[in-house]
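See below for final-v2.txt, which holds compact mmCIF, C-alpha atoms.
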# COMPACT_ATOMS: atom_id res chain seq x y z
CA MET S 30 0.00 0.00 0.00
CA HIS S 31 2.57 2.55 -1.05
CA ALA S 32 1.55 5.53 -3.08
CA LEU S 33 3.98 6.44 -5.78
CA LYS S 34 5.74 9.72 -5.29
CA LYS S 35 8.19 9.86 -8.15
CA ASN S 36 8.54 7.74 -11.19
CA ARG S 37 12.17 6.83 -10.65
CA PRO S 38 13.24 3.62 -12.42
CA LEU S 39 13.98 1.73 -9.23
CA ARG S 40 10.76 2.91 -7.70
CA ARG S 41 8.91 1.36 -10.60
CA ILE S 42 10.67 -1.91 -9.95
CA VAL S 43 9.70 -1.61 -6.31
CA LEU S 44 6.07 -1.41 -7.21
CA ALA S 45 6.22 -4.08 -9.86
CA SER S 46 7.86 -6.54 -7.56
CA ALA S 47 5.71 -5.73 -4.58
CA ALA S 48 2.56 -6.05 -6.61
CA THR S 49 3.69 -9.37 -7.99
CA VAL S 50 4.40 -10.87 -4.65
CA SER S 51 1.25 -9.45 -3.14
CA GLY S 52 -0.87 -10.76 -5.98
CA MET S 53 -0.75 -14.15 -4.36
CA VAL S 54 -2.98 -15.43 -1.59
CA MET S 55 -1.54 -15.36 1.88
CA LEU S 56 0.66 -18.38 2.08
CA LEU S 57 1.45 -18.12 5.71
CA SER S 58 -2.14 -17.96 6.83
CA LEU S 59 -3.03 -21.02 4.78
CA LYS S 60 -1.01 -23.18 7.07
CA PRO S 61 -3.25 -25.60 8.92
CA HIS S 62 -1.64 -25.29 12.32
CA ALA S 63 -1.27 -22.51 14.85
CA SER S 64 1.84 -23.20 16.85
CA PRO S 65 4.11 -20.29 17.69
CA ALA S 66 6.87 -20.40 15.12
CA ALA S 67 10.53 -20.18 15.82
CA ALA S 68 12.68 -18.50 13.27
CA LEU S 69 15.94 -19.47 11.73
CA ALA S 70 17.91 -16.27 11.63
CA VAL S 71 20.74 -16.33 9.20
CA PRO S 72 23.34 -13.79 10.35
CA ALA S 73 22.54 -10.58 8.55
CA PRO S 74 24.37 -7.26 8.51
CA THR S 75 23.21 -5.18 11.43
CA GLY S 76 22.67 -2.14 9.26
CA SER S 77 19.83 -2.13 6.78
CA SER S 78 22.22 -1.91 3.89
CA SER S 79 25.64 -3.23 3.00
CA ALA S 80 27.43 -2.52 -0.22
CA SER S 81 29.72 -4.89 -2.07
CA SER S 82 32.11 -3.97 -4.83
CA GLY S 83 30.45 -3.03 -8.07
CA THR S 84 31.43 -4.69 -11.29
CA GLY S 85 31.95 -1.40 -13.07
CA GLY S 86 33.56 0.22 -10.06
CA THR S 87 31.06 3.08 -9.96
CA THR S 88 27.97 3.51 -7.87
CA THR S 89 25.61 3.46 -10.82
CA THR S 90 26.79 0.07 -12.08
CA GLY S 91 27.64 -1.37 -8.67
CA THR S 92 25.99 -4.26 -6.91
CA ARG S 93 24.21 -3.53 -3.66
CA THR S 94 22.81 -5.93 -1.13
CA VAL S 95 20.04 -4.61 1.06
CA THR S 96 18.29 -6.42 3.88
CA GLY S 97 14.66 -5.60 4.48
CA ASP S 98 12.93 -5.06 7.80
CA THR S 99 11.99 -8.07 9.86
CA VAL S 100 8.24 -8.43 9.55
CA GLN S 101 6.28 -10.27 12.23
CA THR S 102 3.72 -12.67 10.82
CA ARG S 103 1.33 -15.02 12.49
CA TRP S 104 3.84 -17.83 11.96
CA GLY S 105 6.98 -15.99 12.95
CA PRO S 106 9.33 -13.31 11.67
CA VAL S 107 10.13 -13.01 7.98
CA GLN S 108 13.01 -11.05 6.51
CA VAL S 109 14.32 -10.87 2.96
CA ARG S 110 17.51 -9.60 1.38
CA ILE S 111 17.76 -8.25 -2.16
CA THR S 112 20.60 -7.73 -4.55
CA VAL S 113 20.39 -4.78 -6.91
CA LYS S 114 22.73 -4.38 -9.83
CA SER S 115 22.68 -1.34 -12.10
CA GLY S 116 19.27 -0.40 -10.77
CA ARG S 117 17.80 -3.84 -11.41
CA LEU S 118 16.74 -6.47 -8.94
CA THR S 119 18.96 -9.50 -9.48
CA ASP S 120 18.25 -11.66 -6.44
CA VAL S 121 15.84 -12.07 -3.55
CA THR S 122 16.58 -14.38 -0.66
CA ALA S 123 14.68 -15.05 2.54
CA VAL S 124 17.13 -14.70 5.42
CA THR S 125 14.59 -15.25 8.19
CA TYR S 126 11.48 -17.39 7.99
CA PRO S 127 9.52 -19.75 10.20
CA THR S 128 11.13 -23.18 10.53
CA ASP S 129 9.29 -24.33 13.62
CA ASN S 130 8.27 -27.76 12.41
CA PRO S 131 8.43 -30.07 9.38
CA ARG S 132 5.29 -28.52 7.90
CA ASP S 133 6.87 -25.04 7.96
CA GLN S 134 9.96 -26.46 6.32
CA GLU S 135 7.94 -28.25 3.68
CA ILE S 136 5.94 -25.14 2.83
CA ASN S 137 8.98 -22.90 2.76
CA SER S 138 10.97 -25.26 0.59
CA TYR S 139 8.30 -24.74 -2.04
CA ALA S 140 7.17 -21.20 -1.34
CA ILE S 141 10.40 -19.28 -0.96
CA PRO S 142 11.90 -20.27 -4.32
CA ARG S 143 8.53 -19.50 -5.85
CA LEU S 144 8.23 -16.07 -4.28
CA ARG S 145 11.76 -15.31 -5.41
CA SER S 146 11.08 -16.36 -8.96
CA GLU S 147 7.83 -14.37 -9.06
CA ALA S 148 9.63 -11.20 -8.03
CA LEU S 149 12.43 -11.69 -10.55
CA GLN S 150 10.10 -12.79 -13.33
CA ALA S 151 7.97 -9.67 -12.90
CA GLN S 152 10.98 -7.52 -13.56
CA SER S 153 12.39 -9.45 -16.48
CA ALA S 154 9.03 -9.46 -18.27
CA ASP S 155 8.63 -5.72 -17.60
CA ILE S 156 5.19 -6.14 -16.10
CA ASP S 157 3.39 -4.17 -13.41
CA THR S 158 1.43 -6.90 -11.72
CA VAL S 159 0.36 -10.55 -12.03
CA SER S 160 -3.08 -12.11 -12.47
CA GLY S 161 -3.76 -15.57 -11.17
CA ALA S 162 -0.82 -15.98 -8.88
CA THR S 163 -1.49 -18.43 -6.14
CA TYR S 164 0.28 -17.79 -2.89
CA THR S 165 1.30 -14.71 -1.04
CA SER S 166 3.36 -14.20 1.98
CA ASP S 167 2.40 -10.86 3.42
CA GLY S 168 5.55 -10.80 5.52
CA TYR S 169 7.71 -11.59 2.52
CA ARG S 170 6.09 -8.78 0.57
CA GLN S 171 6.50 -6.22 3.34
CA SER S 172 10.12 -7.08 3.96
CA LEU S 173 10.80 -7.01 0.22
CA GLN S 174 9.17 -3.59 -0.02
CA SER S 175 11.30 -2.18 2.77
CA ALA S 176 14.48 -3.56 1.19
CA LEU S 177 13.53 -2.05 -2.18
CA ASP S 178 12.70 1.27 -0.52
CA SER S 179 16.13 1.31 1.15
CA ALA S 180 17.82 0.45 -2.13
CA ALA S 181 16.02 3.31 -3.87
CA SER S 182 16.99 5.92 -1.31
CA MET A 9 -11.59 -12.41 2.42
CA GLY A 10 -8.09 -13.60 3.27
CA THR A 11 -6.77 -11.84 0.21
CA VAL A 12 -4.01 -9.31 -0.27
CA PHE A 13 -4.81 -6.14 -2.21
CA SER A 14 -2.08 -4.02 -3.70
CA PHE A 15 -2.27 -0.58 -5.24
CA ASP A 16 0.02 1.00 -7.80
CA VAL A 17 -0.99 4.62 -8.24
CA ARG A 18 0.60 7.18 -10.53
CA GLY A 19 0.11 10.91 -10.93
CA GLY A 20 -2.33 13.22 -9.20
CA GLU A 21 -1.76 15.58 -6.32
CA PRO A 22 0.15 13.58 -3.67
CA LEU A 23 -1.92 14.63 -0.64
CA ALA A 24 -5.21 13.98 -2.39
CA VAL A 25 -3.97 10.62 -3.67
CA GLN A 26 -2.72 9.57 -0.24
CA ALA A 27 -6.03 10.53 1.36
CA ALA A 28 -7.92 8.55 -1.28
CA LEU A 29 -5.64 5.58 -0.73
CA ARG A 30 -6.39 5.59 2.99
CA GLU A 31 -10.11 5.77 2.19
CA ALA A 32 -9.84 2.96 -0.35
CA VAL A 33 -8.02 0.72 2.14
CA ALA A 34 -10.56 1.52 4.87
CA GLY A 35 -13.28 0.73 2.33
CA LEU A 36 -11.77 -2.71 1.70
CA HIS A 37 -11.69 -3.47 5.42
CA ARG A 38 -15.31 -2.42 5.63
CA VAL A 39 -16.20 -4.70 2.70
CA ASN A 40 -14.57 -7.57 4.55
CA GLU A 41 -16.57 -6.81 7.70
CA VAL A 42 -19.87 -6.59 5.85
CA PHE A 43 -19.46 -9.38 3.29
CA SER A 44 -17.21 -12.02 4.81
CA THR A 45 -18.83 -15.43 4.97
CA TYR A 46 -16.08 -16.48 7.39
CA ARG A 47 -17.34 -14.07 10.03
CA ASP A 48 -20.53 -15.10 11.77
CA ASP A 49 -21.32 -11.49 12.65
CA SER A 50 -20.99 -10.06 9.12
CA GLN A 51 -24.13 -8.62 7.56
CA VAL A 52 -24.00 -11.24 4.81
CA SER A 53 -23.73 -14.10 7.32
CA ARG A 54 -26.67 -12.69 9.26
CA LEU A 55 -28.61 -12.16 6.03
CA ALA A 56 -27.94 -15.79 5.06
CA ARG A 57 -29.31 -16.94 8.44
CA GLY A 58 -32.42 -14.78 7.98
CA GLU A 59 -31.54 -12.51 10.91
CA LEU A 60 -31.40 -9.44 8.66
CA THR A 61 -33.23 -8.37 5.53
CA VAL A 62 -31.42 -6.74 2.61
CA ASP A 63 -32.95 -3.42 3.69
CA ASP A 64 -31.34 -3.78 7.13
CA CYS A 65 -27.90 -4.07 5.51
CA ASP A 66 -25.56 -1.41 4.15
CA PRO A 67 -26.74 -0.23 0.70
CA GLU A 68 -23.69 -1.92 -0.84
CA VAL A 69 -25.19 -5.32 -0.02
CA ALA A 70 -28.21 -4.70 -2.26
CA GLU A 71 -25.90 -3.34 -4.97
CA VAL A 72 -23.69 -6.45 -4.90
CA LEU A 73 -26.63 -8.86 -4.77
CA GLU A 74 -28.15 -7.14 -7.79
CA LEU A 75 -24.90 -7.42 -9.75
CA GLY A 76 -24.59 -11.06 -8.71
CA ALA A 77 -28.13 -11.80 -9.85
CA GLU A 78 -27.31 -10.24 -13.22
CA ALA A 79 -24.16 -12.37 -13.47
CA GLU A 80 -26.24 -15.47 -12.70
CA ARG A 81 -28.66 -14.56 -15.49
CA LEU A 82 -26.01 -13.73 -18.06
CA SER A 83 -24.06 -16.91 -17.31
CA ASP A 84 -27.11 -19.15 -17.31
CA GLY A 85 -26.46 -20.05 -13.69
CA TRP A 86 -22.80 -21.04 -14.15
CA PHE A 87 -21.87 -18.13 -11.96
CA SER A 88 -23.69 -18.52 -8.66
CA MET A 89 -24.10 -16.63 -5.40
CA ARG A 90 -25.00 -19.81 -3.56
CA TYR A 91 -22.59 -22.30 -2.11
CA GLU A 92 -23.89 -25.49 -0.56
CA GLY A 93 -27.33 -23.92 -0.61
CA ARG A 94 -26.26 -20.89 1.37
CA LEU A 95 -26.05 -17.27 0.21
CA ASP A 96 -22.40 -16.63 -0.63
CA PRO A 97 -21.70 -13.58 -2.80
CA THR A 98 -17.92 -14.01 -2.36
CA GLY A 99 -17.57 -14.70 -6.08
CA ILE A 100 -18.61 -11.18 -7.01
CA VAL A 101 -17.53 -9.18 -3.96
CA LYS A 102 -13.82 -9.27 -4.61
CA GLY A 103 -14.02 -7.98 -8.18
CA TRP A 104 -16.55 -5.35 -7.19
CA ALA A 105 -14.35 -4.20 -4.30
CA VAL A 106 -11.25 -4.02 -6.52
CA GLU A 107 -13.09 -1.96 -9.14
CA ARG A 108 -14.53 0.39 -6.54
CA ALA A 109 -11.13 0.94 -4.95
CA ALA A 110 -9.55 1.66 -8.35
CA ARG A 111 -12.27 4.15 -9.30
CA ARG A 112 -11.88 5.94 -5.99
CA MET A 113 -8.20 6.54 -6.80
CA ALA A 114 -8.98 7.81 -10.30
CA LEU A 115 -11.64 10.16 -8.92
CA ALA A 116 -9.02 11.60 -6.56
CA GLY A 117 -6.97 12.62 -9.60
CA ALA A 118 -4.61 9.70 -10.14
CA THR A 119 -3.76 9.33 -13.83
CA GLY A 120 -2.69 5.69 -13.62
CA VAL A 121 -4.22 3.12 -11.28
CA SER A 122 -3.58 -0.60 -10.90
CA VAL A 123 -5.37 -2.44 -8.11
CA ASN A 124 -4.70 -6.15 -7.66
CA GLY A 125 -6.94 -8.10 -5.31
CA GLY A 126 -5.77 -11.68 -4.96
CA GLY A 127 -4.75 -11.87 -8.61
CA ASP A 128 -7.72 -9.94 -10.02
CA VAL A 129 -6.54 -6.71 -11.54
CA GLN A 130 -8.30 -3.45 -12.49
CA LEU A 131 -6.29 -0.97 -14.54
CA LEU A 132 -7.27 2.64 -15.21
CA GLY A 133 -5.34 5.23 -17.20
CA VAL A 134 -1.65 4.74 -17.89
CA PRO A 135 1.40 4.30 -15.65
CA GLY A 136 3.43 6.88 -17.55
CA PRO A 137 3.86 8.65 -20.86
CA ALA A 138 4.06 6.23 -23.79
CA ARG A 139 3.84 3.20 -21.54
CA PRO A 140 0.74 1.03 -21.03
CA TRP A 141 -0.03 -1.12 -17.98
CA ARG A 142 1.25 -4.65 -18.46
CA VAL A 143 -0.12 -7.64 -16.57
CA GLY A 144 1.54 -11.04 -16.40
CA VAL A 145 -0.75 -14.07 -16.42
CA SER A 146 0.76 -16.70 -14.19
CA ASP A 147 1.25 -20.14 -15.67
CA PRO A 148 -0.54 -22.76 -13.53
CA LEU A 149 1.82 -25.51 -14.68
CA ARG A 150 5.08 -23.61 -14.26
CA PRO A 151 5.27 -21.92 -10.86
CA GLY A 152 6.82 -18.51 -11.18
CA GLY A 153 6.44 -18.55 -14.96
CA LEU A 154 4.06 -16.52 -17.08
CA ALA A 155 1.62 -17.94 -19.60
CA ALA A 156 1.12 -14.56 -21.27
CA VAL A 157 1.49 -10.83 -20.81
CA VAL A 158 -1.58 -8.66 -21.35
CA SER A 159 -1.07 -5.05 -22.40
CA ALA A 160 -3.66 -2.36 -21.74
CA ALA A 161 -2.34 -0.24 -24.64
CA GLY A 162 -5.09 1.95 -26.06
CA ALA A 163 -7.62 1.08 -23.33
CA ALA A 164 -8.63 3.69 -20.75
CA GLU A 165 -9.75 0.85 -18.51
CA LEU A 166 -8.98 -2.84 -18.57
CA ALA A 167 -9.32 -5.71 -16.14
CA VAL A 168 -7.66 -9.11 -15.96
CA ALA A 169 -9.19 -11.86 -13.83
CA THR A 170 -8.04 -15.43 -13.41
CA SER A 171 -10.03 -18.31 -11.97
CA GLY A 172 -8.51 -21.67 -11.29
CA THR A 173 -8.35 -24.59 -8.94
CA ALA A 174 -5.27 -23.36 -7.16
CA GLU A 175 -6.82 -20.04 -6.34
CA ARG A 176 -9.90 -20.94 -4.37
CA GLY A 177 -9.99 -24.70 -4.14
CA ALA A 178 -13.22 -26.37 -5.12
CA HIS A 179 -15.31 -23.26 -4.55
CA ILE A 180 -16.59 -23.31 -8.11
CA VAL A 181 -19.85 -25.20 -8.39
CA ASP A 182 -21.64 -26.84 -11.31
CA PRO A 183 -25.18 -25.41 -11.08
CA ARG A 184 -26.66 -28.58 -12.61
CA THR A 185 -25.27 -30.88 -9.92
CA GLY A 186 -24.70 -28.48 -7.02
CA ARG A 187 -21.29 -30.09 -6.61
CA SER A 188 -17.79 -28.91 -7.36
CA ALA A 189 -17.47 -28.31 -11.07
CA VAL A 190 -15.81 -31.10 -13.04
CA THR A 191 -13.73 -29.22 -15.53
CA ASP A 192 -10.86 -29.94 -17.88
CA LEU A 193 -9.44 -26.49 -17.14
CA LEU A 194 -6.61 -25.42 -14.86
CA ALA A 195 -7.17 -21.71 -15.29
CA VAL A 196 -9.30 -19.20 -17.15
CA THR A 197 -8.07 -15.65 -17.60
CA VAL A 198 -10.62 -13.08 -18.75
CA VAL A 199 -9.70 -9.66 -20.13
CA ALA A 200 -12.58 -7.16 -20.09
CA PRO A 201 -13.11 -3.48 -19.26
CA THR A 202 -14.12 -4.02 -15.62
CA ILE A 203 -12.97 -6.53 -13.03
CA THR A 204 -16.45 -6.99 -11.55
CA TRP A 205 -17.58 -8.75 -14.71
CA ALA A 206 -14.23 -10.21 -15.75
CA ASP A 207 -14.07 -12.09 -12.45
CA CYS A 208 -17.62 -13.46 -12.79
CA TRP A 209 -17.04 -14.56 -16.37
CA ALA A 210 -13.77 -16.29 -15.46
CA THR A 211 -15.53 -18.20 -12.68
CA ALA A 212 -18.45 -19.20 -14.90
CA ALA A 213 -16.27 -20.27 -17.84
CA PHE A 214 -14.04 -22.28 -15.53
CA ALA A 215 -17.06 -24.28 -14.37
CA MET A 216 -18.26 -24.77 -17.96
CA GLY A 217 -15.04 -26.40 -19.13
CA SER A 218 -12.91 -25.52 -22.14
CA ARG A 219 -15.33 -26.16 -25.03
CA GLU A 220 -18.46 -24.54 -23.71
CA GLY A 221 -16.51 -21.94 -21.76
CA LEU A 222 -14.56 -20.72 -24.79
CA ALA A 223 -17.65 -20.57 -27.00
CA TRP A 224 -19.57 -18.65 -24.35
CA LEU A 225 -16.75 -16.17 -23.69
CA GLU A 226 -16.42 -15.61 -27.44
CA SER A 227 -20.10 -14.62 -27.53
CA LEU A 228 -19.70 -11.86 -24.92
CA PRO A 229 -18.98 -8.32 -26.17
CA ASP A 230 -15.66 -6.70 -25.18
CA VAL A 231 -14.41 -9.92 -23.60
CA GLU A 232 -11.25 -11.80 -24.49
CA ALA A 233 -9.93 -14.85 -22.71
CA LEU A 234 -7.13 -17.36 -22.36
CA LEU A 235 -7.93 -20.87 -21.13
CA ILE A 236 -5.34 -23.36 -19.96
CA THR A 237 -6.37 -27.01 -19.85
CA ALA A 238 -5.11 -29.78 -17.63
CA GLY A 239 -3.45 -31.16 -20.77
CA ASP A 240 -1.38 -27.96 -20.97
CA GLU A 241 -3.23 -26.72 -24.02
CA VAL A 242 -3.85 -23.00 -24.36
CA ARG A 243 -7.07 -21.79 -26.00
CA CYS A 244 -7.84 -18.16 -26.72
CA THR A 245 -10.72 -16.08 -27.96
CA GLY A 246 -10.24 -14.62 -31.43
CA GLY A 247 -9.39 -11.11 -30.32
CA LEU A 248 -6.98 -11.94 -27.52
CA ALA A 249 -3.87 -11.69 -29.68
CA ALA A 250 -4.39 -7.94 -30.04
CA ARG A 251 -4.13 -7.63 -26.25
CA LEU A 252 -0.96 -9.66 -25.82
CA GLY A 253 2.35 -7.91 -25.59
Written as structure tokens, how would this file's structure read?
Amino acid sequence: MHALKKNRPLRRIVLASAATVSGMVMLLSLKPHASPAAALAVPAPTGSSSASSGTGGTTTTGTRTVTGDTVQTRWGPVQVRITVKSGRLTDVTAVTYPTDNPRDQEINSYAIPRLRSEALQAQSADIDTVSGATYTSDGYRQSLQSALDSAAS
Amino acid sequence: MGTVFSFDVRGGEPLAVQAALREAVAGLHRVNEVFSTYRDDSQVSRLARGELTVDDCDPEVAEVLELGAEAERLSDGWFSMRYEGRLDPTGIVKGWAVERAARRMALAGATGVSVNGGGDVQLLGVPGPARPWRVGVSDPLRPGGLAAVVSAAGAAELAVATSGTAERGAHIVDPRTGRSAVTDLLAVTVVAPTITWADCWATAAFAMGSREGLAWLESLPDVEALLITAGDEVRCTGGLAARLG
């Protein structure tokens, strides 16, 4: 639910990706159990952003890795990290997600690669949104949005 | 409704657009409160139990029921507001709510609006100069892949709705048997000016199956469609190609 302020290229990607991920029905709330979820937290940079060396050696062609906010969901915290190269989203990984029990692990093993590929696909096809997508993780979307916002600023 | 809505709004005066966005979001929460069949205390649940009359409900309830009745007529009963004998206008509420939210943003001065409610999309205006809205249609057999990309080029308003088994389980009913529809389809995507109707037509055609569904969609004015069968065949209405990009 972010209103567009300026039509900067990265901002457009932000919206495209966020819309894609959010076009899917809430994955996490589909889960048939209600146990409090523990989270596997992969060590992440403490700051919201960490830069690695760019391929072209300049800021405009460099590669940046940005970690989104940790978003609390009904099943546990979710946090994603993005990689942006030359203003384009090149990777999305979930660094924190519920891994409380085998069912969580089973769902995530399917859902996280799918969410990642949806976000990347949206950009490569130059589309604004997706019709008919199946699953959404609200937490994934929110964390992705915050990472993209940080990358754009 | 257990569905995520997302807005992509371009142009307009920022304060007015932000205010309209807050209103639109509040409106969606209100729709959920009034229409949810998962909440025992919603007006629609109470209406279904006979505790309220339509006149006791918010005026939107009568509006939605009227649209639903028209969809039932136009689809020969393949679209239905009853589920297991009970009043359940869920099939029309989502599209109606998406369209209403999108129009609210355009009225506030936005020049480009895309509202996506659980995969049902209403587009108004354009996202920028010389660039149309583009909507990916997800491929039910290839997770993360796209079956097609629909372009809104040249259309002031366009909607894209997809119905399928993955989306809402067996919530699509064959009106002749009252049971879950037996269909050879995995997904039906309908492209039409408004999402209220596009969503109803996608649901109805899905229940009909590929042969009858395609013929029926072809007969509707201003409607194009893409049907994907369980055998991974893709069938399209004659005019769809002009919308692909």
Test item: chain A residues at most 8 Å from chain S, counting all atoms listed in the file, as a ChimeraX atom specification: /A:10-19,22,25-26,29,124-129,141-146,151-153,157,168-172,174-175,197
Filtering to C-alpha atoms, could you give me those residues as an mmCIF file, in the coordinates of the input?
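As a result, result_34.cif now contains:
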data_model
loop_
_atom_site.group_PDB
_atom_site.id
_atom_site.type_symbol
_atom_site.label_atom_id
_atom_site.label_comp_id
_atom_site.auth_asym_id
_atom_site.auth_seq_id
_atom_site.Cartn_x
_atom_site.Cartn_y
_atom_site.Cartn_z
ATOM 1 C CA GLY A 10 -8.090 -13.600 3.270
ATOM 2 C CA THR A 11 -6.770 -11.840 0.210
ATOM 3 C CA VAL A 12 -4.010 -9.310 -0.270
ATOM 4 C CA PHE A 13 -4.810 -6.140 -2.210
ATOM 5 C CA SER A 14 -2.080 -4.020 -3.700
ATOM 6 C CA PHE A 15 -2.270 -0.580 -5.240
ATOM 7 C CA ASP A 16 0.020 1.000 -7.800
ATOM 8 C CA VAL A 17 -0.990 4.620 -8.240
ATOM 9 C CA ARG A 18 0.600 7.180 -10.530
ATOM 10 C CA GLY A 19 0.110 10.910 -10.930
ATOM 11 C CA PRO A 22 0.150 13.580 -3.670
ATOM 12 C CA VAL A 25 -3.970 10.620 -3.670
ATOM 13 C CA GLN A 26 -2.720 9.570 -0.240
ATOM 14 C CA LEU A 29 -5.640 5.580 -0.730
ATOM 15 C CA ASN A 124 -4.700 -6.150 -7.660
ATOM 16 C CA GLY A 125 -6.940 -8.100 -5.310
ATOM 17 C CA GLY A 126 -5.770 -11.680 -4.960
ATOM 18 C CA GLY A 127 -4.750 -11.870 -8.610
ATOM 19 C CA ASP A 128 -7.720 -9.940 -10.020
ATOM 20 C CA VAL A 129 -6.540 -6.710 -11.540
ATOM 21 C CA TRP A 141 -0.030 -1.120 -17.980
ATOM 22 C CA ARG A 142 1.250 -4.650 -18.460
ATOM 23 C CA VAL A 143 -0.120 -7.640 -16.570
ATOM 24 C CA GLY A 144 1.540 -11.040 -16.400
ATOM 25 C CA VAL A 145 -0.750 -14.070 -16.420
ATOM 26 C CA SER A 146 0.760 -16.700 -14.190
ATOM 27 C CA PRO A 151 5.270 -21.920 -10.860
ATOM 28 C CA GLY A 152 6.820 -18.510 -11.180
ATOM 29 C CA GLY A 153 6.440 -18.550 -14.960
ATOM 30 C CA VAL A 157 1.490 -10.830 -20.810
ATOM 31 C CA VAL A 168 -7.660 -9.110 -15.960
ATOM 32 C CA ALA A 169 -9.190 -11.860 -13.830
ATOM 33 C CA THR A 170 -8.040 -15.430 -13.410
ATOM 34 C CA SER A 171 -10.030 -18.310 -11.970
ATOM 35 C CA GLY A 172 -8.510 -21.670 -11.290
ATOM 36 C CA ALA A 174 -5.270 -23.360 -7.160
ATOM 37 C CA GLU A 175 -6.820 -20.040 -6.340
ATOM 38 C CA THR A 197 -8.070 -15.650 -17.600
#
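When the distance limit is 9 Å and all atoms listed in the file are what count, the residues near Ser53 (chain A), minus those fewer than 4 positions from it on the same chain, are A:Val42, A:Phe43, A:Ser44, A:Thr45, A:Tyr46, A:Arg47, A:Asp48, A:Asp49, A:Arg57, A:Gly58, A:Glu59, A:Leu95, A:Asp96.
Put simply, CA of Val190 (chain A) is 26.1 Å away from CA of Leu73 (chain A).
The residue that comes closest to Lys114 (chain S), out of S:Val100, S:Ala180, S:Arg132, S:Ile141 and on the basis of only C-alpha atoms, is S:Ala180.
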Selection near Asp66 (chain A), 12 Å with all atoms listed in the file, sequence-local residues under 6 positions removed, as a list in words: Arg38, Val39, Glu41, Val42, Phe43, Ser50, Gln51, Val52, Leu55, Leu60, Val72 and Leu73 of chain A
Atom-to-atom span, CA of Val107 (chain S) and CA of Thr122 (chain S), Å: 10.9 Å
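Residue nearest Asp192 (chain A) within the list A:Leu228, A:Val158, A:Asp240, A:Leu149: A:Asp240 [criterion: smallest interatomic distance, all atoms listed in the file].
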Leu234 (chain A) environment, 6 Å, all atoms listed in the file, sequence neighbours closer than 6 positions dropped, as a PyMOL selection string: chain A and resi 196-197+243-244
Counting only C-alpha atoms, the residue of A:Ala210, A:Val199, A:Leu252, A:Ala167 that sits nearest Pro229 (chain A): A:Val199
Who sits within 10 Å of Gly93 (chain A), all atoms listed in the file, same chain under 4 positions skipped, as JSON, numbers by chain: {"A": [56, 89, 186]}
Export C-alpha atoms of the chosen residues as a compact mmCIF listing (two decimals), in the frame of the given file?
# COMPACT_ATOMS: atom_id res chain seq x y z
CA ALA A 56 -27.94 -15.79 5.06
CA MET A 89 -24.10 -16.63 -5.40
CA GLY A 186 -24.70 -28.48 -7.02
Straight-line distance linking CA of Thr119 (chain S) with CA of Arg93 (chain S), stated in Å to one decimal: 9.9 Å
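Across S:Pro106, S:Leu173, S:Asp133, S:Asp98, the tightest approach to Leu118 (chain S) is made by S:Leu173 when counting all atoms listed in the file.
The list of residues with at least one atom within 10 Å of Arg219 (chain A), based on all atoms listed in the file and without residues fewer than 2 positions apart in the same chain, reads Asp192, Leu193, Ala213, Met216, Gly217, Gly221, Leu222, Ala223, Trp224, Leu235 and Arg243 of chain A.
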Emit as JSON the padded axis-aligned box for all listed atoms of region 110-117 of chain A, 8 Å per side, with centre and edge lengths in Å to one decimal.
{"center_x": -9.6, "center_y": 7.1, "center_z": -8.1, "size_x": 21.3, "size_y": 27.0, "size_z": 20.3}
